[in-house]
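Colleague: Coordinates in upload17.cif, mmCIF, C-alpha atoms, are listed below.
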data_protein
#
loop_
_atom_site.label_atom_id
_atom_site.label_comp_id
_atom_site.auth_asym_id
_atom_site.auth_seq_id
_atom_site.Cartn_x
_atom_site.Cartn_y
_atom_site.Cartn_z
CA MET A 1 10.21 91.94 13.03
CA THR A 2 9.99 88.17 13.34
CA GLN A 3 6.72 87.08 14.94
CA SER A 4 6.66 84.41 17.63
CA TYR A 5 3.69 82.06 18.00
CA VAL A 6 3.11 79.60 20.82
CA ILE A 7 0.50 76.84 20.53
CA ILE A 8 -0.53 74.95 23.65
CA GLY A 9 -1.81 71.56 22.50
CA ASP A 10 -0.84 69.25 19.64
CA GLY A 11 -4.21 67.79 18.75
CA ILE A 12 -5.67 68.33 15.31
CA SER A 13 -6.59 71.97 16.05
CA GLY A 14 -3.13 72.89 17.36
CA SER A 15 -1.34 71.06 14.58
CA SER A 16 -3.60 72.58 11.92
CA ALA A 17 -2.86 76.03 13.30
CA ALA A 18 0.89 75.37 13.30
CA GLU A 19 0.80 74.22 9.69
CA THR A 20 -1.27 77.24 8.64
CA LEU A 21 1.02 79.66 10.48
CA ARG A 22 4.08 78.25 8.75
CA GLU A 23 2.40 78.64 5.36
CA LYS A 24 1.31 82.20 6.09
CA ASP A 25 4.46 83.35 7.91
CA PRO A 26 7.55 81.48 6.63
CA ASP A 27 9.98 83.34 8.90
CA ALA A 28 8.04 83.12 12.16
CA GLU A 29 9.12 81.35 15.31
CA ILE A 30 6.55 78.65 16.07
CA THR A 31 6.48 76.51 19.20
CA VAL A 32 4.02 73.70 19.93
CA ILE A 33 3.70 72.49 23.52
CA THR A 34 1.96 69.25 24.50
CA ASP A 35 1.74 67.25 27.70
CA GLU A 36 1.53 64.02 25.69
CA GLY A 37 4.61 61.98 24.89
CA GLU A 38 4.00 61.63 21.16
CA PRO A 39 3.11 63.93 18.25
CA LEU A 40 -0.25 64.20 16.52
CA TYR A 41 -2.19 61.00 15.89
CA ASN A 42 -5.64 60.26 14.54
CA ARG A 43 -7.97 60.40 17.53
CA ILE A 44 -10.79 58.97 15.38
CA LEU A 45 -8.86 55.79 14.55
CA ILE A 46 -7.65 54.92 18.04
CA LYS A 47 -10.96 53.16 18.69
CA GLU A 48 -10.20 50.82 15.76
CA PHE A 49 -6.83 50.06 17.33
CA ALA A 50 -8.50 49.35 20.68
CA LYS A 51 -10.93 47.00 18.89
CA GLY A 52 -7.93 45.08 17.58
CA LYS A 53 -8.73 46.06 13.99
CA LEU A 54 -5.74 48.32 13.22
CA PRO A 55 -2.01 48.31 14.03
CA GLU A 56 -0.38 51.43 15.48
CA ALA A 57 1.36 52.70 12.35
CA PRO A 58 -1.65 54.07 10.39
CA ILE A 59 -2.85 55.99 13.45
CA SER A 60 0.17 58.25 13.72
CA ILE A 61 -0.17 61.37 11.57
CA HIS A 62 3.02 63.31 12.32
CA ASP A 63 6.38 62.15 13.56
CA GLU A 64 8.90 64.52 15.11
CA GLY A 65 10.53 64.94 11.71
CA TRP A 66 7.38 66.61 10.40
CA TYR A 67 7.93 69.48 12.84
CA GLU A 68 11.66 69.64 12.16
CA ASP A 69 11.05 69.87 8.42
CA ARG A 70 8.83 72.90 9.00
CA ASP A 71 11.10 74.51 11.57
CA ILE A 72 8.44 74.14 14.26
CA ALA A 73 9.74 73.59 17.78
CA LEU A 74 7.87 70.68 19.41
CA SER A 75 7.97 70.30 23.18
CA LEU A 76 6.61 66.92 24.33
CA ASN A 77 5.76 65.92 27.92
CA THR A 78 5.51 69.59 28.85
CA HIS A 79 2.85 70.97 31.20
CA VAL A 80 1.86 74.62 31.09
CA THR A 81 1.34 75.92 34.62
CA HIS A 82 0.02 79.39 33.83
CA ILE A 83 0.14 82.22 31.32
CA ASP A 84 0.80 85.93 31.77
CA PRO A 85 -1.12 87.86 29.09
CA GLU A 86 0.35 91.23 30.10
CA ALA A 87 3.93 89.99 29.75
CA HIS A 88 3.00 87.70 26.82
CA VAL A 89 4.69 84.76 28.54
CA VAL A 90 3.82 81.08 28.97
CA HIS A 91 5.20 79.31 32.06
CA THR A 92 5.85 75.54 32.13
CA HIS A 93 6.34 72.99 34.90
CA GLU A 94 10.09 72.93 34.21
CA GLY A 95 10.35 76.62 34.95
CA ASP A 96 10.80 77.64 31.33
CA ASP A 97 9.35 80.96 30.17
CA LEU A 98 8.20 81.17 26.57
CA GLY A 99 7.46 84.60 25.16
CA TYR A 100 4.90 85.03 22.41
CA ASP A 101 3.40 87.63 20.13
CA LYS A 102 0.31 85.47 19.55
CA LEU A 103 -0.86 82.49 21.61
CA LEU A 104 -3.24 79.66 20.76
CA ILE A 105 -5.02 77.59 23.43
CA ALA A 106 -5.83 74.14 22.07
CA THR A 107 -5.57 71.83 25.07
CA GLY A 108 -8.88 70.00 24.73
CA GLY A 109 -10.15 68.11 27.75
CA THR A 110 -9.65 65.25 30.16
CA PRO A 111 -12.30 62.53 30.66
CA THR A 112 -14.64 63.16 33.57
CA GLN A 113 -14.15 60.72 36.42
CA LEU A 114 -17.13 58.75 37.70
CA PRO A 115 -17.61 59.89 41.34
CA VAL A 116 -18.32 56.47 42.85
CA GLU A 117 -16.50 54.03 45.11
CA ASN A 118 -13.56 52.17 43.50
CA SER A 119 -13.80 54.11 40.23
CA ASP A 120 -9.99 54.23 40.17
CA ALA A 121 -9.60 50.45 40.40
CA GLU A 122 -7.32 48.51 38.08
CA GLY A 123 -9.14 47.50 34.91
CA ILE A 124 -11.28 50.67 34.75
CA HIS A 125 -10.48 52.83 31.73
CA HIS A 126 -11.26 56.23 30.26
CA PHE A 127 -10.88 56.69 26.53
CA TRP A 128 -9.26 59.80 25.07
CA THR A 129 -5.56 59.42 24.21
CA PHE A 130 -3.60 56.91 22.17
CA GLN A 131 -2.04 55.74 25.41
CA ASP A 132 -5.55 55.10 26.78
CA ALA A 133 -6.29 53.03 23.67
CA ARG A 134 -3.18 50.91 24.18
CA LYS A 135 -4.19 50.08 27.74
CA ILE A 136 -7.79 49.39 26.70
CA GLU A 137 -6.73 47.07 23.90
CA ALA A 138 -4.41 45.12 26.22
CA ASP A 139 -7.06 44.69 28.93
CA ALA A 140 -10.06 44.08 26.66
CA SER A 141 -8.23 41.43 24.66
CA GLU A 142 -7.74 39.43 27.87
CA ALA A 143 -11.13 40.12 29.46
CA GLU A 144 -14.12 37.79 29.58
CA THR A 145 -16.73 40.17 31.00
CA GLY A 146 -17.04 43.91 30.57
CA VAL A 147 -19.12 47.00 31.30
CA ALA A 148 -19.33 50.23 29.32
CA VAL A 149 -20.74 53.37 30.93
CA GLY A 150 -21.91 56.55 29.20
CA ALA A 151 -24.71 56.79 26.62
CA GLY A 152 -22.93 59.06 24.16
CA LEU A 153 -20.63 59.00 21.15
CA LEU A 154 -17.56 57.90 23.14
CA GLY A 155 -19.44 55.48 25.36
CA ILE A 156 -20.63 53.49 22.38
CA ASP A 157 -17.02 53.18 21.22
CA LEU A 158 -16.22 51.39 24.48
CA ALA A 159 -19.25 49.13 24.08
CA ALA A 160 -18.15 48.31 20.52
CA ILE A 161 -14.65 47.48 21.76
CA CYS A 162 -16.20 44.88 24.07
CA GLY A 163 -18.04 43.38 21.11
CA ALA A 164 -15.01 43.38 18.81
CA GLN A 165 -12.77 41.80 21.47
CA GLY A 166 -15.26 39.02 22.26
CA VAL A 167 -16.02 40.38 25.71
CA ASP A 168 -19.41 39.53 27.24
CA GLY A 169 -20.40 43.16 27.67
CA HIS A 170 -23.18 45.17 29.29
CA TYR A 171 -23.71 48.80 28.28
CA LEU A 172 -25.17 50.77 31.20
CA MET A 173 -27.19 53.87 30.29
CA ARG A 174 -28.97 56.35 32.56
CA GLY A 175 -31.98 56.91 30.32
CA ASN A 176 -34.25 54.70 28.25
CA ARG A 177 -32.10 54.80 25.12
CA TRP A 178 -28.68 55.57 23.68
CA TRP A 179 -27.94 59.28 22.99
CA ARG A 180 -31.43 60.23 24.10
CA TYR A 181 -30.81 63.93 23.40
CA ALA A 182 -30.49 63.32 19.68
CA LEU A 183 -32.42 60.11 18.95
CA SER A 184 -36.00 59.03 19.46
CA LEU A 185 -36.79 55.46 20.51
CA ASP A 186 -37.28 54.43 16.88
CA GLY A 187 -33.79 55.52 15.87
CA ALA A 188 -32.11 54.38 19.06
CA GLU A 189 -33.56 50.88 18.80
CA ILE A 190 -31.65 50.37 15.55
CA ILE A 191 -28.46 51.07 17.50
CA HIS A 192 -29.56 48.83 20.37
CA ASP A 193 -30.14 45.94 17.96
CA GLY A 194 -26.73 46.56 16.42
CA LEU A 195 -25.13 46.33 19.86
CA ARG A 196 -26.96 43.09 20.64
CA GLU A 197 -25.73 41.59 17.36
CA LYS A 198 -22.18 42.41 18.50
CA GLY A 199 -22.71 40.57 21.79
CA VAL A 200 -23.26 43.68 23.93
CA THR A 201 -26.41 43.97 26.05
CA PRO A 202 -27.87 47.49 26.49
CA VAL A 203 -29.12 48.11 30.04
CA PHE A 204 -31.44 51.11 30.40
CA ASP A 205 -32.31 53.33 33.38
CA SER A 206 -29.08 52.13 34.90
CA GLY A 207 -25.62 53.47 35.70
CA VAL A 208 -23.06 52.72 38.41
CA ASP A 209 -23.56 53.02 42.16
CA HIS A 210 -20.15 51.49 42.95
CA PHE A 211 -17.59 48.98 41.72
CA GLU A 212 -16.50 45.81 43.44
CA THR A 213 -12.84 44.82 43.46
CA ASP A 214 -10.75 41.80 44.45
CA ASP A 215 -7.98 41.74 47.02
CA SER A 216 -5.48 43.06 44.51
CA GLY A 217 -7.61 46.13 43.77
CA ARG A 218 -8.79 45.00 40.35
CA VAL A 219 -12.39 45.56 39.31
CA THR A 220 -14.65 42.50 39.39
CA ALA A 221 -18.15 43.94 39.01
CA ALA A 222 -20.29 47.05 38.62
CA ILE A 223 -23.32 47.50 40.86
CA ASP A 224 -25.97 49.79 39.40
CA PRO A 225 -28.35 52.07 41.39
CA ASN A 226 -31.07 49.40 41.11
CA GLY A 227 -28.86 46.91 42.95
CA ASP A 228 -28.18 44.82 39.85
CA ARG A 229 -24.70 43.31 39.62
CA PHE A 230 -22.74 43.05 36.37
CA GLU A 231 -19.53 41.06 36.40
CA ALA A 232 -16.67 42.90 34.75
CA ASP A 233 -12.94 42.40 34.56
CA PHE A 234 -12.90 45.26 32.03
CA VAL A 235 -14.73 48.59 32.43
CA GLY A 236 -14.82 51.58 30.08
CA ILE A 237 -16.24 54.93 31.19
CA ALA A 238 -17.12 57.92 28.97
CA ILE A 239 -19.38 60.42 30.73
CA GLY A 240 -17.98 63.68 29.39
CA LEU A 241 -14.93 65.93 29.34
CA ASN A 242 -13.45 68.41 31.77
CA PHE A 243 -11.69 71.09 29.73
CA ASN A 244 -8.00 71.58 30.44
CA THR A 245 -8.08 75.23 31.45
CA GLU A 246 -6.58 75.23 34.96
CA TYR A 247 -3.54 77.13 33.73
CA LEU A 248 -5.81 79.99 32.55
CA ARG A 249 -6.74 81.04 36.09
CA GLY A 250 -6.08 84.72 36.59
CA SER A 251 -5.56 85.29 32.87
CA GLY A 252 -8.78 87.26 32.39
CA ILE A 253 -9.86 84.99 29.54
CA GLU A 254 -13.64 84.63 29.49
CA GLN A 255 -14.93 81.12 30.08
CA ASP A 256 -18.46 79.76 29.92
CA GLU A 257 -18.45 75.96 29.87
CA GLY A 258 -15.33 76.33 27.71
CA VAL A 259 -13.13 79.14 26.42
CA VAL A 260 -15.32 81.78 24.76
CA VAL A 261 -14.16 82.90 21.30
CA ASP A 262 -15.68 84.92 18.51
CA GLU A 263 -16.03 83.69 14.93
CA TYR A 264 -12.35 84.52 14.35
CA MET A 265 -11.23 82.24 17.24
CA GLN A 266 -10.14 85.30 19.24
CA THR A 267 -10.63 85.13 23.01
CA SER A 268 -11.59 88.07 25.21
CA VAL A 269 -7.86 88.84 25.71
CA ASP A 270 -5.80 90.46 22.98
CA ASP A 271 -3.36 88.21 21.08
CA ILE A 272 -4.80 85.00 22.56
CA TYR A 273 -6.83 82.62 20.44
CA ALA A 274 -8.43 79.23 21.12
CA ALA A 275 -9.49 76.28 18.97
CA GLY A 276 -10.85 72.77 19.29
CA ASP A 277 -13.02 70.94 21.80
CA LEU A 278 -12.70 73.50 24.56
CA THR A 279 -14.07 76.45 22.61
CA ARG A 280 -17.48 77.99 23.02
CA PHE A 281 -17.49 79.71 19.66
CA TYR A 282 -19.78 82.14 17.91
CA ASP A 283 -21.50 80.05 15.25
CA THR A 284 -22.25 82.32 12.30
CA ILE A 285 -24.77 79.83 10.93
CA LEU A 286 -26.81 79.64 14.13
CA GLY A 287 -26.24 83.26 15.08
CA GLU A 288 -25.40 82.21 18.63
CA TYR A 289 -22.65 80.59 20.69
CA ALA A 290 -22.23 76.83 20.40
CA GLN A 291 -19.83 73.95 21.03
CA ASN A 292 -18.75 71.04 18.89
CA GLY A 293 -16.08 68.43 19.52
CA SER A 294 -15.81 66.81 16.09
CA TRP A 295 -12.46 66.23 14.40
CA GLY A 296 -13.36 68.24 11.30
CA SER A 297 -14.58 71.20 13.32
CA ALA A 298 -11.40 71.24 15.45
CA LYS A 299 -9.21 71.08 12.36
CA GLU A 300 -11.03 73.96 10.68
CA GLN A 301 -10.95 76.05 13.86
CA GLY A 302 -7.18 75.55 14.04
CA LYS A 303 -6.80 76.65 10.45
CA VAL A 304 -8.96 79.75 10.96
CA ALA A 305 -7.05 80.64 14.13
CA GLY A 306 -3.74 80.28 12.27
CA VAL A 307 -4.90 82.54 9.43
CA ASN A 308 -6.04 85.26 11.82
CA MET A 309 -2.99 85.02 14.08
CA ALA A 310 -0.69 85.44 11.07
CA ALA A 311 -2.77 88.24 9.58
CA GLY A 312 -2.89 90.12 12.85
CA ALA A 313 -6.51 90.97 12.03
CA GLU A 314 -9.93 89.42 11.71
CA SER A 315 -9.56 88.16 8.17
CA GLU A 316 -11.31 84.78 8.11
CA ALA A 317 -14.39 83.65 10.04
CA PHE A 318 -15.14 80.10 11.17
CA ARG A 319 -18.21 78.79 9.38
CA TRP A 320 -18.56 75.04 9.42
CA VAL A 321 -21.13 72.25 9.43
CA SER A 322 -19.57 69.42 11.38
CA SER A 323 -20.27 65.70 11.11
CA TYR A 324 -19.49 62.62 13.17
CA SER A 325 -19.73 59.05 11.95
CA ILE A 326 -19.83 55.64 13.64
CA THR A 327 -18.61 52.54 11.83
CA HIS A 328 -19.18 49.84 14.43
CA PHE A 329 -22.17 48.20 12.75
CA ASP A 330 -23.21 46.69 9.44
CA PHE A 331 -25.11 49.91 8.75
CA PRO A 332 -23.56 53.42 8.70
CA PHE A 333 -24.40 56.20 11.16
CA LEU A 334 -23.77 59.92 10.86
CA SER A 335 -24.74 62.99 12.84
CA PHE A 336 -24.21 66.51 11.52
CA GLY A 337 -24.47 70.05 12.81
CA HIS A 338 -26.13 70.42 16.20
CA PRO A 339 -28.69 67.57 16.37
CA THR A 340 -29.69 68.23 20.00
CA ILE A 341 -30.63 71.94 20.00
CA GLY A 342 -33.70 72.05 17.78
CA ASP A 343 -37.04 73.56 18.74
CA GLU A 344 -38.67 71.14 16.28
CA TYR A 345 -37.75 67.64 15.05
CA VAL A 346 -39.00 65.62 12.11
CA GLU A 347 -38.13 61.98 11.50
CA ARG A 348 -38.95 58.89 9.50
CA LYS A 349 -38.02 55.21 9.64
CA TYR A 350 -37.49 53.65 6.21
CA SER A 351 -36.48 50.10 7.13
CA GLU A 352 -35.13 48.09 10.05
CA THR A 353 -31.75 49.78 9.59
CA GLU A 354 -32.67 53.09 7.92
CA TRP A 355 -33.85 56.15 9.83
CA ARG A 356 -33.54 59.91 9.59
CA ARG A 357 -34.12 62.74 12.04
CA ILE A 358 -33.73 66.44 11.29
CA ALA A 359 -33.41 69.15 13.95
CA LEU A 360 -34.84 72.57 13.09
CA LYS A 361 -34.64 75.89 14.86
CA ASN A 362 -36.52 79.01 13.78
CA GLY A 363 -37.59 77.13 10.67
CA LYS A 364 -34.02 76.28 9.59
CA VAL A 365 -32.06 73.01 9.59
CA VAL A 366 -29.52 73.05 12.44
CA GLY A 367 -28.51 69.38 12.56
CA GLY A 368 -29.63 65.81 12.24
CA VAL A 369 -28.91 62.10 12.44
CA LEU A 370 -28.83 59.65 9.54
CA ILE A 371 -28.80 55.87 9.96
CA GLY A 372 -28.45 53.44 7.07
CA ASP A 373 -28.59 55.87 4.15
CA LEU A 374 -26.13 58.76 4.41
CA SER A 375 -26.69 60.12 0.90
CA PRO A 376 -28.92 63.05 2.04
CA GLN A 377 -26.15 64.55 4.14
CA THR A 378 -24.74 66.78 1.39
CA ARG A 379 -28.10 68.41 0.68
CA LEU A 380 -28.99 68.77 4.35
CA LYS A 381 -25.64 70.36 5.14
CA LYS A 382 -26.14 72.74 2.22
CA LEU A 383 -29.51 73.81 3.62
CA MET A 384 -27.93 74.40 7.02
CA ARG A 385 -24.92 76.25 5.63
CA GLU A 386 -27.11 78.51 3.48
CA GLU A 387 -29.60 79.04 6.35
CA THR A 388 -32.51 78.08 4.11
CA VAL A 389 -35.93 78.50 5.70
CA VAL A 390 -37.80 75.18 5.35
CA GLU A 391 -40.70 75.90 7.68
CA GLY A 392 -43.86 74.23 6.41
CA GLN A 393 -41.91 72.14 3.90
CA THR A 394 -40.26 69.61 6.18
CA ASP A 395 -41.90 66.71 4.33
CA VAL A 396 -39.37 67.32 1.56
CA LEU A 397 -36.53 66.67 4.04
CA LEU A 398 -37.90 63.19 4.74
CA GLU A 399 -38.22 62.03 1.15
CA GLU A 400 -35.87 59.10 0.49
CA GLN A 401 -34.14 61.22 -2.17
CA ILE A 402 -34.18 64.88 -1.21
CA ASP A 403 -34.74 67.21 -4.17
CA LEU A 404 -33.76 70.74 -3.24
CA ASP A 405 -35.57 72.05 -6.31
CA ASP A 406 -38.83 71.12 -4.60
CA LEU A 407 -37.92 73.48 -1.79
CA ALA A 408 -36.80 76.20 -4.17
CA VAL A 409 -40.10 76.07 -6.09
CA SER A 410 -42.13 76.15 -2.89
CA GLN A 411 -40.22 79.16 -1.61
#
Here is the file; what I need is its structure written in the form of structure tokens.

Modeller:
Amino acid sequence: MTQSYVIIGDGISGSSAAETLREKDPDAEITVITDEGEPLYNRILIKEFAKGKLPEAPISIHDEGWYEDRDIALSLNTHVTHIDPEAHVVHTHEGDDLGYDKLLIATGGTPTQLPVENSDAEGIHHFWTFQDARKIEADASEAETGVAVGAGLLGIDLAAICGAQGVDGHYLMRGNRWWRYALSLDGAEIIHDGLREKGVTPVFDSGVDHFETDDSGRVTAAIDPNGDRFEADFVGIAIGLNFNTEYLRGSGIEQDEGVVVDEYMQTSVDDIYAAGDLTRFYDTILGEYAQNGSWGSAKEQGKVAGVNMAAGAESEAFRWVSSYSITHFDFPFLSFGHPTIGDEYVERKYSETEWRRIALKNGKVVGGVLIGDLSPQTRLKKLMREETVVEGQTDVLLEEQIDLDDLAVSQ
């Protein structure tokens, strides 16, 4: 019998699953549903578009013809209202019922709103979709003063957009440094200096108490909890994601700060899988549940889900060391694995723009951050992937050129 697959979400995980399913099951019926108005685009590159560095064309990955060529039904601007696992049916806002044999949940998240006065004013932006990037680029290119909020990997994109667009920007952070969960002061100060060189001023132990607006309802300033006022006719906020799982209410699918899946991307309900940002997946490297929102991880999860959905069995496990890079500065930056969950950290600063920090757990590498020199990443990822015990030998990990033979001899 012909199998029917429904994929909710057309990000990189959903699209990767659709492509894999078509390869594995040439005769299957495949439907992709998305609430966005355009097919898959490169979510990593939209920040370069918002900075005014790239046109739109290179950012699009698939056009509608890509789906037609593969006999994949694509439903744009479609909201899923709920699913019925017993009947194997997906319900949409238009009243359509889509039956499935296997279902994939890949709906990602929506930016968390800042719960302060006037946070919905004109000129205040959240950064997640291509449409968000278009609005940000239009506003930032006309702005003179700006504020970025959120000391994480998306918040720094908004700060960098201010710098690239010539906006006099202030970057408001709650703690005493950027990404304080993964960087020490030594590493973070390299990033702070890079921001200053771009014309963006980091402001620590800050945040937003409320926004001021003009008579037309457009933002004019951010007031932080200390009472300091920062003029802003452009504001970008990135303080986290709320996962798009409202339509799963009553489905019986286990959730725990995301949709819980095993290493095969299978949820707690038969015939329903999940992939991408919203998953809390069993990490076979860590031996525990984890989350990761990187592009590469989402793509691989989609592929693994597609393989297992087509096989109808647990045939391929997700095993992946993710990485995330930032290209806003004259020096490169890369994080890998899970750099914030270590029970031990070792680090070294090599120059004004070179720094390395490795996170370890139970004597094994579980993640890290590299600034300036990214060449050690391959060896460090190999150690993580192979679950090599490096306890008592961490000095080797901080050598400018890591020689894994030194570890092998010691062990």

Colleague: For Gly37 (chain A), which residue out of A:Tyr100, A:Tyr324, A:Phe130, A:Phe211 is the nearest one, using all atoms listed in the file?

Modeller: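 Residue with the minimum atom-to-atom distance to Gly37 (chain A): A:Phe130.
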
Colleague: Using only C-alpha atoms, which residue out of A:Ser141, A:Ser13, A:Ser119, A:Ser251 lies closest to Thr81 (chain A)?

Modeller: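 Distance minimum relative to Thr81 (chain A) lands on A:Ser251.
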
Colleague: Taking the file as I've supplied it (selection: the PyMOL selection byres ((chain A and resi 329) around 10)), which residues are included? Please answer as a JSON list (two decimals) with C-alpha atoms, in the frame of the given file.

Modeller:
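Done, and the output landed in selection.json:
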[["chain", "number", "residue", "atom", "x", "y", "z"],
["A", 160, "ALA", "CA", -18.15, 48.31, 20.52],
["A", 191, "ILE", "CA", -28.46, 51.07, 17.50],
["A", 193, "ASP", "CA", -30.14, 45.94, 17.96],
["A", 194, "GLY", "CA", -26.73, 46.56, 16.42],
["A", 195, "LEU", "CA", -25.13, 46.33, 19.86],
["A", 197, "GLU", "CA", -25.73, 41.59, 17.36],
["A", 198, "LYS", "CA", -22.18, 42.41, 18.50],
["A", 326, "ILE", "CA", -19.83, 55.64, 13.64],
["A", 327, "THR", "CA", -18.61, 52.54, 11.83],
["A", 328, "HIS", "CA", -19.18, 49.84, 14.43],
["A", 330, "ASP", "CA", -23.21, 46.69, 9.44],
["A", 331, "PHE", "CA", -25.11, 49.91, 8.75],
["A", 332, "PRO", "CA", -23.56, 53.42, 8.70],
["A", 333, "PHE", "CA", -24.40, 56.20, 11.16],
["A", 372, "GLY", "CA", -28.45, 53.44, 7.07]]

Colleague: Would you pick out the contacts of Arg70 (chain A) at 8 Å or less, using all atoms listed in the file, so that residues sharing its chain but fewer than 3 positions from it are not included, and give the list as a list in words?

Modeller: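 The residues that qualify are Arg22, Trp66 and Tyr67 of chain A.
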
Colleague: So what does the PyMOL selection byres ((chain A and resi 7) around 7) actually pick up in this one, as a list in words?

Modeller: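 Output of the PyMOL selection byres ((chain A and resi 7) around 7): Tyr5, Val6, Ile8, Gly9, Gly14, Thr31, Val32, Ile33, Leu103, Leu104 and Ile105 of chain A.
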
Colleague: Which residues are near Gln131 (chain A)? Cut-off 10 Å, only C-alpha atoms, ignore same chain within fewer than 6 positions. Put them as a list in words.

Modeller: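 Skipping anything fewer than 6 positions along the chain leaves Glu36, Gly37, Glu38, Ile46 and Glu137 of chain A.
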
Colleague: Determine the residue set returned by the PyMOL selection byres ((chain A and resi 213-218) around 8) for the present structure, and present it as a PyMOL selection string.

Modeller: chain A and resi 118+121-123+211-212+219-221+233

Colleague: Please, what distance in Å, to one decimal, runs between CA of His88 (chain A) and CA of Glu314 (chain A)?

Modeller: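 Those two atoms sit 20.0 Å apart.
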
Colleague: Counting all atoms listed in the file, which of A:Leu54, A:Arg177, A:Glu94, A:Leu370 gets nearest to Glu189 (chain A)?

Modeller: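 Of A:Leu54, A:Arg177, A:Glu94, A:Leu370, the one nearest Glu189 (chain A) is A:Arg177, counting all atoms listed in the file.
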
Colleague: Contacts of Pro115 (chain A) at 12 Å or less, counting only C-alpha atoms, minus same-chain residues fewer than 4 places along, as a PDB file with C-alpha atoms, in the coordinates of the input?

Modeller:
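Result file result.pdb:
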ATOM      1  CA  SER A 119     -13.800  54.110  40.230  1.00  0.00           C
ATOM      2  CA  ASP A 120      -9.990  54.230  40.170  1.00  0.00           C
ATOM      3  CA  GLY A 207     -25.620  53.470  35.700  1.00  0.00           C
ATOM      4  CA  VAL A 208     -23.060  52.720  38.410  1.00  0.00           C
ATOM      5  CA  ASP A 209     -23.560  53.020  42.160  1.00  0.00           C
ATOM      6  CA  HIS A 210     -20.150  51.490  42.950  1.00  0.00           C
ATOM      7  CA  PHE A 211     -17.590  48.980  41.720  1.00  0.00           C
ATOM      8  CA  ILE A 237     -16.240  54.930  31.190  1.00  0.00           C
ATOM      9  CA  ILE A 239     -19.380  60.420  30.730  1.00  0.00           C
TER      10      ILE A 239
END

Colleague: Using all atoms listed in the file, which residue out of A:Thr34, A:Ser335, A:Gln401, A:Gln393 lies closest to Trp179 (chain A)?

Modeller: A:Ser335

Colleague: Hey, which of A:Ile30, A:Ala188, A:Val80, A:Ile12 ends up closest to Asn42 (chain A)? Count only C-alpha atoms.

Modeller: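 Nearest candidate to Asn42 (chain A) out of A:Ile30, A:Ala188, A:Val80, A:Ile12: A:Ile12.
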
Colleague: When you look at Leu286 (chain A) with a cut-off of 12 Å (counting all atoms listed in the file), what residues show up, excluding the ones that are within fewer than 5 positions of it in the same chain? I need them as a PyMOL selection string.

Modeller: chain A and resi 263+281+291+319-321+337-338+341-342+360-367+384-388

Colleague: CA of Thr340 (chain A) and CA of Cys162 (chain A), how far apart in Å?

Modeller: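 For CA of Cys162 (chain A) relative to CA of Thr340 (chain A), the distance reads 27.3 Å.
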
Colleague: Between A:Glu354, A:Asp262, A:Asn244, A:Glu48, which is the closest to Leu278 (chain A) once you count only C-alpha atoms?

Modeller: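 Among the listed residues, A:Asn244 lies closest to Leu278 (chain A).
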
Colleague: As an exercise, work out the distance from CA of Phe230 (chain A) to CA of Ile156 (chain A) in Å and give it to one decimal place.

Modeller: 17.6 Å

Colleague: I'd like the contact shell of Glu347 (chain A) - 7 Å cut-off, all atoms listed in the file, skipping same-chain residues fewer than 6 positions apart - returned as an NGL selection string.

Modeller: :A and (356-358 or 398)

Colleague: Determine the axis-aligned bounding box of all atoms of region 255-269 of chain A present in the file, pad each side by 4 Å, and express its centre and edge lengths in Å to one decimal place as lines of an AutoDock Vina configuration file.

Modeller:
center_x = -13.2
center_y = 82.4
center_z = 22.2
size_x = 18.6
size_y = 20.9
size_z = 23.7

Colleague: Give as a PyMOL selection string every residue, naming chains and numbers as the document does, that has an atom within 6 Å of (-40.2, 71.1, -1.5), counting all atoms listed in the file.

Modeller: chain A and resi 393+396+406-407+410
